[in-house]
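Chemist: Dropping the structure in here first, questions after.
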Amino acid sequence: MSAEENFADVHKGEVVASIAYVNGRRDREVPIDEVGQHIGRYSSQNTDQLGGPSDGKSGGQSGGLSPGQPPGMLWIGLRNPTPELLARVTGELGACGKNQEEMLEPHRRPKIIDYGNMVLIVTITVEVEAERPVFGETQLLIGDGFLVTVRRGATAAHSPLRERLEASPDLLKRGSDYVASEVLDWLVDRYVAAAGKIESVVEGAEQKLLIRGAKDSDIRRLYRQRRDLLRIHTVVSPMAEICRRLARVEMSAVDEHARPYFGEVADRVLRVDELFNALRESLAFAFEASLMIGQAAQNDTTRKLASWAAILAVPTAIAGIYGMNFEFMPELKSPLGYPITLGVIASICSVLYWRFRKSGWL
């Protein structure tokens, strides 16, 4: 077995797809060791050297192809690649050393870097498992006739998107920059799905807080949920600015005809970010409402206890006075003294109970 075959077998599970598309249709699977040769075949620089006309479009499209040559694109998908595999692929594509180092480093926030002949986009994915968000990383390397997607920790595969684009060759042949906008739009769909799951969790928390009030465990869970939503906001909100930059700033790897698609993705990111902020505000309002309900319940209990204390103070005071054993006391030697005293106590307590009941304290 040769070294190339051994390398391919070792990293077989990390290469999800390496497919060449010609005129928007699947042509063949390209081995990793042949990536550089395939890219050179469809590169606009290579075509210019051959004397082919150029219509002024950038590398994301296929404007530099020779007459009669159909537009081609290579889409490479990697999942949790080793540094050796990633360095091999980026090296075959002609990426600079800083580009390779940037793709090897883990990221906690989205970013975009223009290397002139390539554009690197780093996105953070959000999935919801067991009512908690799980964050991953997806990198997109857009170049002249190729697109590389690198997934780390992201559970959702790009296979459904690839199948949808393959079913529409007219969309797929627009170039790697358009496909990159579709990948970003698909990631926004995952944000929307995560928001739907978190929304059900927030609704459950609101019901618990409003029905039974805030307990210690509920407060800790509420803080954790608000913290999770804040973390989601920090990874989603920068995506809008990144897509805006792709839509407005001139880049060699992004054609001007593909920029409006990134603008639409930016609008969707803003709406999703507003949804996550609304969920965070809903938790805050639910917590405030539960505190108000708890305070109202405490005030109601305090009023009841004060009312009963006032009522019970009457017999306590009278019994205390008659229990001092003085010789000369009102009605002490009268046969009707005891019933009269009990009647006075009952009358005063009844009047107090009626007044407190009328005022809503009881």
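For the structure tokens, the naming scheme is as follows: chains receive sequential letters (A, B, ...) according to their order of presentation, residues are indexed from 1 within each chain, and ligands are indexed from 1 in presentation order.
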Please provide as a JSON list (two decimals) with N, CA, C and O atoms, in the first residue's frame all residues within 12 Å of Leu312 (chain A), with the sequence filter that same-chain residues fewer than 3 positions apart are discarded (counting only C-alpha atoms).

Modeler:
```json
[["chain", "number", "residue", "atom", "x", "y", "z"],
["A", 305, "LEU", "N", -52.76, 37.39, 59.18],
["A", 305, "LEU", "CA", -52.19, 37.19, 60.52],
["A", 305, "LEU", "C", -52.45, 38.40, 61.41],
["A", 305, "LEU", "O", -52.77, 38.26, 62.61],
["A", 306, "ALA", "N", -52.34, 39.61, 60.86],
["A", 306, "ALA", "CA", -52.61, 40.82, 61.66],
["A", 306, "ALA", "C", -54.07, 40.89, 62.08],
["A", 306, "ALA", "O", -54.38, 41.30, 63.22],
["A", 307, "SER", "N", -54.98, 40.50, 61.19],
["A", 307, "SER", "CA", -56.41, 40.52, 61.53],
["A", 307, "SER", "C", -56.72, 39.55, 62.66],
["A", 307, "SER", "O", -57.41, 39.89, 63.65],
["A", 308, "TRP", "N", -56.24, 38.35, 62.55],
["A", 308, "TRP", "CA", -56.51, 37.36, 63.60],
["A", 308, "TRP", "C", -55.82, 37.75, 64.91],
["A", 308, "TRP", "O", -56.34, 37.48, 66.00],
["A", 309, "ALA", "N", -54.64, 38.35, 64.79],
["A", 309, "ALA", "CA", -53.97, 38.81, 66.02],
["A", 309, "ALA", "C", -54.79, 39.88, 66.72],
["A", 309, "ALA", "O", -54.90, 39.90, 67.97],
["A", 315, "PRO", "N", -60.03, 38.77, 73.61],
["A", 315, "PRO", "CA", -60.20, 37.83, 74.73],
["A", 315, "PRO", "C", -58.94, 37.68, 75.58],
["A", 315, "PRO", "O", -59.01, 37.45, 76.79],
["A", 316, "THR", "N", -57.79, 37.84, 74.96],
["A", 316, "THR", "CA", -56.55, 37.73, 75.73],
["A", 316, "THR", "C", -56.43, 38.86, 76.74],
["A", 316, "THR", "O", -56.06, 38.64, 77.91],
["A", 317, "ALA", "N", -56.78, 40.06, 76.31],
["A", 317, "ALA", "CA", -56.69, 41.21, 77.23],
["A", 317, "ALA", "C", -57.70, 41.11, 78.36],
["A", 317, "ALA", "O", -57.37, 41.34, 79.53],
["A", 318, "ILE", "N", -58.94, 40.76, 77.99],
["A", 318, "ILE", "CA", -59.98, 40.65, 79.03],
["A", 318, "ILE", "C", -59.66, 39.53, 80.01],
["A", 318, "ILE", "O", -59.78, 39.67, 81.24],
["A", 319, "ALA", "N", -59.24, 38.36, 79.47],
["A", 319, "ALA", "CA", -58.90, 37.24, 80.35],
["A", 319, "ALA", "C", -57.70, 37.60, 81.22],
["A", 319, "ALA", "O", -57.62, 37.20, 82.40],
["A", 345, "ILE", "N", -66.93, 39.68, 74.98],
["A", 345, "ILE", "CA", -65.79, 39.20, 74.17],
["A", 345, "ILE", "C", -66.27, 38.77, 72.79],
["A", 345, "ILE", "O", -65.68, 39.11, 71.76],
["A", 346, "ALA", "N", -67.35, 38.00, 72.72],
["A", 346, "ALA", "CA", -67.87, 37.52, 71.45],
["A", 346, "ALA", "C", -68.33, 38.67, 70.57],
["A", 346, "ALA", "O", -68.12, 38.67, 69.35],
["A", 348, "ILE", "N", -67.29, 41.89, 70.58],
["A", 348, "ILE", "CA", -66.15, 42.65, 70.06],
["A", 348, "ILE", "C", -65.43, 41.87, 68.97],
["A", 348, "ILE", "O", -65.07, 42.42, 67.91],
["A", 349, "CYS", "N", -65.23, 40.58, 69.17],
["A", 349, "CYS", "CA", -64.54, 39.75, 68.16],
["A", 349, "CYS", "C", -65.36, 39.66, 66.87],
["A", 349, "CYS", "O", -64.80, 39.69, 65.76],
["A", 350, "SER", "N", -66.68, 39.58, 67.01],
["A", 350, "SER", "CA", -67.54, 39.52, 65.82],
["A", 350, "SER", "C", -67.47, 40.81, 65.03],
["A", 350, "SER", "O", -67.41, 40.79, 63.79],
["A", 352, "LEU", "N", -64.98, 42.95, 64.98],
["A", 352, "LEU", "CA", -63.67, 43.02, 64.34],
["A", 352, "LEU", "C", -63.57, 42.10, 63.13],
["A", 352, "LEU", "O", -63.04, 42.48, 62.08],
["A", 353, "TYR", "N", -64.12, 40.91, 63.27],
["A", 353, "TYR", "CA", -64.09, 39.97, 62.15],
["A", 353, "TYR", "C", -64.87, 40.53, 60.96],
["A", 353, "TYR", "O", -64.43, 40.42, 59.81]]
```

Chemist: Write out as JSON, numbers by chain all residues of region 111-316 of chain A that backbone DSSP assigns to helix (DSSP H, G or I).

Modeler: {"A": [159, 160, 161, 162, 163, 164, 165, 166, 169, 170, 171, 172, 176, 177, 178, 179, 180, 181, 182, 183, 184, 185, 186, 187, 188, 189, 190, 191, 192, 193, 194, 195, 196, 197, 198, 199, 200, 201, 202, 203, 204, 205, 206, 207, 208, 209, 210, 211, 212, 216, 217, 218, 219, 220, 221, 222, 223, 224, 225, 226, 227, 228, 229, 230, 231, 232, 233, 234, 235, 236, 237, 238, 239, 240, 241, 242, 243, 244, 245, 246, 247, 248, 259, 260, 261, 262, 263, 264, 265, 266, 267, 268, 269, 270, 271, 272, 273, 274, 275, 276, 277, 278, 279, 280, 281, 282, 283, 284, 285, 286, 287, 288, 289, 290, 291, 292, 293, 294, 295, 296, 297, 298, 299, 300, 301, 302, 303, 304, 305, 306, 307, 308, 309, 310, 311, 312, 313, 314, 315, 316]}

Chemist: Skip Val16 (chain A) itself and residues of its chain fewer than 6 positions away, then list as a count of residues only all residues within 9 Å of it, counting only C-alpha atoms.

Modeler: 4

Chemist: Counting only C-alpha atoms, what is within 7 Å of region 264-273 of chain A, bar same-chain residues fewer than 3 positions away, as a ChimeraX atom specification?

Modeler: /A:185,188,192,233,236-237,239-240,243-244,260-261,276-277

Chemist: Mind writing the picked residues with N, CA, C and O atoms as a tab-separated table (two decimals), in the first residue's frame?

Modeler:
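The file below, part07.tsv, is the result:
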```tsv
chain	number	residue	atom	x	y	z
A	185	ASP	N	-27.08	30.28	5.10
A	185	ASP	CA	-28.54	30.30	5.27
A	185	ASP	C	-29.02	29.03	5.95
A	185	ASP	O	-29.95	29.06	6.77
A	188	VAL	N	-28.44	29.33	9.58
A	188	VAL	CA	-29.47	30.15	10.20
A	188	VAL	C	-30.73	29.32	10.45
A	188	VAL	O	-31.42	29.50	11.46
A	192	VAL	N	-32.82	28.81	13.93
A	192	VAL	CA	-34.28	28.90	14.09
A	192	VAL	C	-34.81	27.65	14.79
A	192	VAL	O	-35.67	27.73	15.68
A	233	HIS	N	-26.63	34.65	22.07
A	233	HIS	CA	-26.63	35.99	21.47
A	233	HIS	C	-25.21	36.41	21.05
A	233	HIS	O	-25.02	37.01	19.98
A	236	VAL	N	-24.42	34.52	17.78
A	236	VAL	CA	-25.31	34.73	16.63
A	236	VAL	C	-25.21	36.15	16.10
A	236	VAL	O	-25.16	36.37	14.88
A	237	SER	N	-25.17	37.13	16.98
A	237	SER	CA	-25.21	38.53	16.54
A	237	SER	C	-24.04	38.91	15.62
A	237	SER	O	-24.25	39.67	14.66
A	239	MET	N	-22.75	37.25	13.32
A	239	MET	CA	-22.98	36.70	12.00
A	239	MET	C	-23.64	37.71	11.08
A	239	MET	O	-23.40	37.72	9.87
A	240	ALA	N	-24.48	38.58	11.64
A	240	ALA	CA	-25.14	39.59	10.82
A	240	ALA	C	-24.11	40.55	10.22
A	240	ALA	O	-24.17	40.88	9.02
A	243	CYS	N	-22.12	38.75	7.42
A	243	CYS	CA	-22.86	38.66	6.17
A	243	CYS	C	-23.01	40.03	5.51
A	243	CYS	O	-22.99	40.14	4.28
A	244	ARG	N	-23.16	41.08	6.34
A	244	ARG	CA	-23.22	42.43	5.77
A	244	ARG	C	-21.90	42.78	5.07
A	244	ARG	O	-21.91	43.40	4.00
A	260	PRO	N	-25.88	39.97	-2.99
A	260	PRO	CA	-27.24	40.13	-2.43
A	260	PRO	C	-27.71	38.94	-1.61
A	260	PRO	O	-28.51	39.11	-0.67
A	261	TYR	N	-27.25	37.74	-1.93
A	261	TYR	CA	-27.66	36.57	-1.16
A	261	TYR	C	-27.14	36.64	0.28
A	261	TYR	O	-27.84	36.26	1.22
A	276	PHE	N	-34.02	35.42	19.99
A	276	PHE	CA	-33.30	34.98	21.19
A	276	PHE	C	-33.34	36.06	22.27
A	276	PHE	O	-33.50	35.75	23.47
A	277	ASN	N	-33.21	37.32	21.87
A	277	ASN	CA	-33.31	38.41	22.86
A	277	ASN	C	-34.70	38.47	23.47
A	277	ASN	O	-34.85	38.75	24.66
```

Chemist: Tell me which of A:Ile121, A:Ala95, A:Leu165, A:Leu140 sits closest to Gly24 (chain A), counting only C-alpha atoms.

Modeler: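 Checking each of A:Ile121, A:Ala95, A:Leu165, A:Leu140 against Gly24 (chain A), counting only C-alpha atoms, the winner is A:Leu165.
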
Chemist: Can you work out which one of A:Gly36, A:Pro339, A:Gly136, A:Pro106 has the shortest atom-to-atom distance to Val235 (chain A), counting only C-alpha atoms?

Modeler: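 Checking each candidate against Val235 (chain A), we get A:Gly136 as the closest.
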
Chemist: Return the single residue from A:Val150, A:Ile124, A:Leu222, A:Leu74 that is closest to Arg109 (chain A), with distances computed using only C-alpha atoms.

Modeler: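 Selected residue with least distance to Arg109 (chain A): A:Ile124.
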
Chemist: Please indicate the distance in Å from CA of Gly294 (chain A) to CA of Val201 (chain A), rounded to one decimal place.

Modeler: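 Atom-to-atom, CA of Gly294 (chain A) and CA of Val201 (chain A) are spaced 22.2 Å apart.
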